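Novice: Pasting in a structure now, in structure tokens, and then I'll have a few things to ask.
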Amino acid sequence: MVYYPYTKVQLSLLISFVINIVMMTYAVEFNPTITEIFINGLPNDTPPLDVGCKSKDDDLGVHTLKVGERFDFSFHQNFWGNTHFYCNFTWGPKHNDFDVFYKGKSPCRFTFFKSDIFCYWLMKDSGIYFARTKTPNPSPDNFRFVYPWL
Ligand SMILES: *[C@@H]1O[C@H](CO)[C@@H](O)[C@H](O)[C@H]1NC(C)=O
């Protein structure tokens, strides 16, 4: 008599069905929009701020911001959670560059909760300040110093 592993086949079908449902649900329900906002809060009569951003797949180019201007972009994190955006900032002779979205390595990163994320980067004379909020209007108290000018 041939042993036929019905239960193994059924189990693996069930598992792949469940994985499918989880992935589809994740894509539809749990994938918040992440918006990065860069604000030139530098003193008047100083050089403009250049913001250059890229990911593995996209180069968003360099955006020049005058005092008071802002630049933003939005994206969804990929299923594997390794979406990585990296930006460089140049203000006259000063500069810095860092991850603006990366798992565990940026103050702007995914939180498990199903909510959109707004990451604000405020460029001031004294350095670069950051706020992460769920709605697009951070209060000044939300900002904390994150990086100096180099
Ligand atoms: C800054 O970012 C822009 C846009 O991604 C890129 O083209 C440029 O090479 C970067 N500059 C430096 C010094 O990394």
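Labeling convention for the structure tokens: chains A, B, ... as they appear, residues from 1 per chain, ligands from 1 in order of appearance.
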Counting only C-alpha atoms and all ligand atoms, which residues of chain A fall within 10 Å of ligand 1, and what is the closest atom pair for each with its distance in Å at one decimal, ordered by chain and rising number, as a tab-separated table?
Specialist:
residue	atom	partner	partner_atom_place_in_ligand_line	distance
A:Asp50	CA	ligand 1	1 (C)	8.5
A:Val51	CA	ligand 1	2 (O)	7.0
A:Gly52	CA	ligand 1	2 (O)	3.6
A:Cys53	CA	ligand 1	5 (O)	4.1
A:Lys54	CA	ligand 1	5 (O)	4.4
A:Ser55	CA	ligand 1	5 (O)	8.0
A:Asp58	CA	ligand 1	5 (O)	8.3
A:Asp59	CA	ligand 1	5 (O)	4.9
A:Leu60	CA	ligand 1	5 (O)	5.8
A:Gly61	CA	ligand 1	4 (C)	4.1
A:Val62	CA	ligand 1	4 (C)	5.0
A:His63	CA	ligand 1	4 (C)	8.5
A:Phe85	CA	ligand 1	5 (O)	9.5
A:Tyr86	CA	ligand 1	5 (O)	7.8
A:Cys87	CA	ligand 1	2 (O)	6.0
A:Asn88	CA	ligand 1	1 (C)	4.9
A:Phe89	CA	ligand 1	1 (C)	7.4
A:Thr90	CA	ligand 1	1 (C)	8.7
A:His95	CA	ligand 1	13 (C)	9.2
A:Asn96	CA	ligand 1	13 (C)	9.3
A:Asp97	CA	ligand 1	14 (O)	7.7
Novice: Only C-alpha atoms, please: the residues just picked out, written as a tab-separated table (two decimals), in the first residue's frame.
Specialist:
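Generated output (again-v2.tsv):
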chain	number	residue	atom	x	y	z
A	50	ASP	CA	20.44	72.23	-1.24
A	51	VAL	CA	18.65	68.96	-0.45
A	52	GLY	CA	19.58	65.88	-2.51
A	53	CYS	CA	17.81	62.59	-1.84
A	54	LYS	CA	17.93	59.10	-3.25
A	55	SER	CA	16.94	55.53	-2.58
A	58	ASP	CA	15.14	56.51	-7.26
A	59	ASP	CA	17.32	59.58	-7.42
A	60	LEU	CA	15.08	62.50	-6.53
A	61	GLY	CA	17.73	65.02	-7.57
A	62	VAL	CA	18.82	68.17	-5.80
A	63	HIS	CA	16.24	70.72	-4.60
A	85	PHE	CA	16.22	56.84	1.65
A	86	TYR	CA	19.37	58.84	2.04
A	87	CYS	CA	19.81	62.64	1.67
A	88	ASN	CA	22.62	65.14	1.59
A	89	PHE	CA	22.28	68.75	2.72
A	90	THR	CA	24.47	71.66	1.74
A	95	HIS	CA	26.87	70.13	4.98
A	96	ASN	CA	25.75	66.81	6.36
A	97	ASP	CA	24.24	63.63	4.97
Novice: Need the shell around Lys66 of chain A: protein/DNA/RNA residues with any atom at most 8 Å away, counting only C-alpha atoms. Skip same-chain ones fewer than 3 positions apart. Format as a ChimeraX atom specification?
Specialist: /A:40,47-49,69
Novice: For all heavy atoms, I'd like the residues from the last selection saved as a JSON list (two decimals), in the first residue's frame.
Specialist:
[["chain", "number", "residue", "atom", "x", "y", "z"],
["A", 40, "ASN", "N", 13.56, 74.80, 5.20],
["A", 40, "ASN", "CA", 14.68, 75.71, 5.38],
["A", 40, "ASN", "C", 14.28, 76.75, 6.43],
["A", 40, "ASN", "O", 13.53, 77.67, 6.14],
["A", 40, "ASN", "CB", 15.05, 76.37, 4.05],
["A", 40, "ASN", "CG", 16.23, 77.32, 4.20],
["A", 40, "ASN", "OD1", 16.55, 77.77, 5.30],
["A", 40, "ASN", "ND2", 16.89, 77.61, 3.09],
["A", 47, "PRO", "N", 23.14, 81.61, 2.47],
["A", 47, "PRO", "CA", 22.99, 80.84, 1.23],
["A", 47, "PRO", "C", 21.76, 79.93, 1.26],
["A", 47, "PRO", "O", 21.32, 79.53, 2.34],
["A", 47, "PRO", "CB", 24.27, 80.01, 1.16],
["A", 47, "PRO", "CG", 25.24, 80.68, 2.04],
["A", 47, "PRO", "CD", 24.43, 81.35, 3.12],
["A", 48, "PRO", "N", 21.19, 79.61, 0.08],
["A", 48, "PRO", "CA", 20.08, 78.66, 0.06],
["A", 48, "PRO", "C", 20.54, 77.27, 0.49],
["A", 48, "PRO", "O", 21.73, 76.99, 0.57],
["A", 48, "PRO", "CB", 19.63, 78.66, -1.41],
["A", 48, "PRO", "CG", 20.80, 79.14, -2.17],
["A", 48, "PRO", "CD", 21.60, 80.03, -1.26],
["A", 49, "LEU", "N", 19.58, 76.42, 0.77],
["A", 49, "LEU", "CA", 19.85, 75.05, 1.22],
["A", 49, "LEU", "C", 19.63, 74.10, 0.05],
["A", 49, "LEU", "O", 18.58, 74.14, -0.58],
["A", 49, "LEU", "CB", 18.88, 74.71, 2.36],
["A", 49, "LEU", "CG", 18.89, 73.28, 2.86],
["A", 49, "LEU", "CD1", 20.14, 73.01, 3.69],
["A", 49, "LEU", "CD2", 17.64, 73.02, 3.70],
["A", 69, "GLU", "N", 11.30, 78.05, 2.58],
["A", 69, "GLU", "CA", 10.74, 77.08, 1.63],
["A", 69, "GLU", "C", 10.87, 75.66, 2.16],
["A", 69, "GLU", "O", 11.69, 75.38, 3.03],
["A", 69, "GLU", "CB", 11.43, 77.20, 0.27],
["A", 69, "GLU", "CG", 11.03, 78.46, -0.48],
["A", 69, "GLU", "CD", 11.64, 78.55, -1.88],
["A", 69, "GLU", "OE1", 12.72, 77.94, -2.13],
["A", 69, "GLU", "OE2", 11.05, 79.23, -2.72]]
Novice: Excluding Pro32 of chain A and residues on its chain fewer than 6 positions from it, collect all residues at most 8 Å away from it, counting only C-alpha atoms, and give them as a PyMOL selection string.
Specialist: chain A and resi 76-77+114-117
Novice: Please, which residues of chain A, numbered as in this document, come out alpha helix (DSSP H) from DSSP, as a list in words?
Specialist: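 Put together, the selection reads Tyr6, Thr7, Lys8, Val9, Gln10, Leu11, Ser12, Leu13, Leu14, Ile15, Ser16, Phe17, Val18, Ile19, Asn20, Ile21, Val22, Met23, Met24, Thr25, Tyr26, Ala27, Val28 and Glu29 of chain A.
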Novice: Can I get the selected residues back with C-alpha atoms, as a PDB file, in the first residue's frame?
Specialist:
ATOM      1  CA  TYR A   6      -2.564  13.887   2.447  1.00  0.00           C
ATOM      2  CA  THR A   7      -2.182  15.798   5.650  1.00  0.00           C
ATOM      3  CA  LYS A   8       1.221  17.185   4.634  1.00  0.00           C
ATOM      4  CA  VAL A   9      -0.157  18.393   1.302  1.00  0.00           C
ATOM      5  CA  GLN A  10      -3.178  19.909   2.974  1.00  0.00           C
ATOM      6  CA  LEU A  11      -1.032  21.589   5.598  1.00  0.00           C
ATOM      7  CA  SER A  12       1.308  23.165   3.058  1.00  0.00           C
ATOM      8  CA  LEU A  13      -1.671  24.381   1.021  1.00  0.00           C
ATOM      9  CA  LEU A  14      -3.180  25.878   4.124  1.00  0.00           C
ATOM     10  CA  ILE A  15       0.100  27.554   5.048  1.00  0.00           C
ATOM     11  CA  SER A  16       0.586  29.116   1.617  1.00  0.00           C
ATOM     12  CA  PHE A  17      -3.040  30.267   1.652  1.00  0.00           C
ATOM     13  CA  VAL A  18      -2.554  31.931   5.019  1.00  0.00           C
ATOM     14  CA  ILE A  19       0.713  33.562   3.910  1.00  0.00           C
ATOM     15  CA  ASN A  20      -1.068  34.932   0.855  1.00  0.00           C
ATOM     16  CA  ILE A  21      -3.869  36.433   2.910  1.00  0.00           C
ATOM     17  CA  VAL A  22      -1.378  37.976   5.330  1.00  0.00           C
ATOM     18  CA  MET A  23       0.649  39.540   2.508  1.00  0.00           C
ATOM     19  CA  MET A  24      -2.447  40.918   0.769  1.00  0.00           C
ATOM     20  CA  THR A  25      -3.813  42.292   4.015  1.00  0.00           C
ATOM     21  CA  TYR A  26      -0.464  43.853   4.817  1.00  0.00           C
ATOM     22  CA  ALA A  27      -0.292  45.510   1.406  1.00  0.00           C
ATOM     23  CA  VAL A  28      -3.807  46.895   1.619  1.00  0.00           C
ATOM     24  CA  GLU A  29      -4.198  47.627   5.311  1.00  0.00           C
TER      25      GLU A  29
END
Novice: Report as a count of residues only all protein, DNA and RNA residues lying within 12 Å of Pro138 of chain A, evaluated on only C-alpha atoms, omitting residues in the same chain fewer than 2 positions from it.
Specialist: 19
Novice: DSSP on the backbone, strand (DSSP E) only: what residues of segment 20-68 of chain A does that give? Format it as a list in words.
Specialist: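 Secondary structure check on segment 20-68 of chain A, strand (DSSP E): Thr33, Ile34, Thr35, Glu36, Ile37, Phe38, Ile39, Asn40, Leu49, Asp50, Val51, Gly52, Cys53, Lys54, Ser55, Asp59, Leu60, Gly61, Val62, His63, Thr64 and Leu65 of chain A.
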Novice: Next, write the just-selected residues to a file, as an mmCIF file, in the first residue's frame, keeping N, CA and C atoms as the atom set.
Specialist:
data_model
loop_
_atom_site.group_PDB
_atom_site.id
_atom_site.type_symbol
_atom_site.label_atom_id
_atom_site.label_comp_id
_atom_site.auth_asym_id
_atom_site.auth_seq_id
_atom_site.Cartn_x
_atom_site.Cartn_y
_atom_site.Cartn_z
ATOM 1 N N THR A 33 1.554 55.606 4.419
ATOM 2 C CA THR A 33 2.332 56.533 3.602
ATOM 3 C C THR A 33 3.312 57.256 4.514
ATOM 4 N N ILE A 34 4.548 57.286 4.066
ATOM 5 C CA ILE A 34 5.579 58.026 4.804
ATOM 6 C C ILE A 34 5.884 59.282 4.011
ATOM 7 N N THR A 35 5.800 60.421 4.658
ATOM 8 C CA THR A 35 6.088 61.691 3.990
ATOM 9 C C THR A 35 7.277 62.336 4.673
ATOM 10 N N GLU A 36 8.242 62.702 3.869
ATOM 11 C CA GLU A 36 9.431 63.393 4.370
ATOM 12 C C GLU A 36 9.286 64.860 3.999
ATOM 13 N N ILE A 37 9.482 65.737 4.962
ATOM 14 C CA ILE A 37 9.352 67.176 4.722
ATOM 15 C C ILE A 37 10.646 67.856 5.190
ATOM 16 N N PHE A 38 11.240 68.632 4.307
ATOM 17 C CA PHE A 38 12.479 69.344 4.610
ATOM 18 C C PHE A 38 12.172 70.839 4.606
ATOM 19 N N ILE A 39 12.505 71.525 5.676
ATOM 20 C CA ILE A 39 12.156 72.946 5.805
ATOM 21 C C ILE A 39 13.428 73.764 6.011
ATOM 22 N N ASN A 40 13.564 74.796 5.202
ATOM 23 C CA ASN A 40 14.682 75.709 5.385
ATOM 24 C C ASN A 40 14.282 76.749 6.427
ATOM 25 N N LEU A 49 19.576 76.423 0.770
ATOM 26 C CA LEU A 49 19.849 75.053 1.219
ATOM 27 C C LEU A 49 19.626 74.105 0.051
ATOM 28 N N ASP A 50 20.609 73.269 -0.227
ATOM 29 C CA ASP A 50 20.444 72.227 -1.241
ATOM 30 C C ASP A 50 20.134 70.899 -0.551
ATOM 31 N N VAL A 51 19.060 70.257 -0.993
ATOM 32 C CA VAL A 51 18.652 68.958 -0.447
ATOM 33 C C VAL A 51 18.675 67.950 -1.591
ATOM 34 N N GLY A 52 19.512 66.926 -1.474
ATOM 35 C CA GLY A 52 19.585 65.880 -2.507
ATOM 36 C C GLY A 52 19.240 64.546 -1.880
ATOM 37 N N CYS A 53 18.242 63.855 -2.446
ATOM 38 C CA CYS A 53 17.811 62.592 -1.845
ATOM 39 C C CYS A 53 17.784 61.470 -2.867
ATOM 40 N N LYS A 54 18.068 60.275 -2.385
ATOM 41 C CA LYS A 54 17.933 59.104 -3.249
ATOM 42 C C LYS A 54 17.665 57.849 -2.443
ATOM 43 N N SER A 55 17.090 56.872 -3.143
ATOM 44 C CA SER A 55 16.940 55.532 -2.581
ATOM 45 C C SER A 55 17.712 54.609 -3.512
ATOM 46 N N ASP A 59 16.553 58.393 -7.788
ATOM 47 C CA ASP A 59 17.319 59.582 -7.420
ATOM 48 C C ASP A 59 16.375 60.759 -7.586
ATOM 49 N N LEU A 60 16.060 61.399 -6.482
ATOM 50 C CA LEU A 60 15.079 62.497 -6.530
ATOM 51 C C LEU A 60 15.729 63.818 -6.924
ATOM 52 N N GLY A 61 17.043 63.807 -7.135
ATOM 53 C CA GLY A 61 17.731 65.022 -7.571
ATOM 54 C C GLY A 61 17.961 66.004 -6.436
ATOM 55 N N VAL A 62 18.497 67.150 -6.800
ATOM 56 C CA VAL A 62 18.825 68.167 -5.798
ATOM 57 C C VAL A 62 17.768 69.269 -5.850
ATOM 58 N N HIS A 63 17.234 69.649 -4.696
ATOM 59 C CA HIS A 63 16.238 70.716 -4.596
ATOM 60 C C HIS A 63 16.834 71.866 -3.800
ATOM 61 N N THR A 64 16.769 73.050 -4.374
ATOM 62 C CA THR A 64 17.328 74.228 -3.713
ATOM 63 C C THR A 64 16.202 74.985 -3.016
ATOM 64 N N LEU A 65 16.356 75.175 -1.704
ATOM 65 C CA LEU A 65 15.317 75.833 -0.899
ATOM 66 C C LEU A 65 15.816 77.172 -0.390
#
Novice: Taking only C-alpha atoms into account, which of A:Phe145, A:Asn31, A:Lys56, A:Gly68 comes nearest Tyr102 of chain A?
Specialist: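 The answer is A:Lys56, which sits nearest to Tyr102 of chain A.
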Novice: Please measure the separation of atom CA of Trp91 of chain A and atom CA of Arg109 of chain A, giving the value in Å to one decimal.
Specialist: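 Separation of atom CA of Trp91 of chain A and atom CA of Arg109 of chain A: 25.2 Å.
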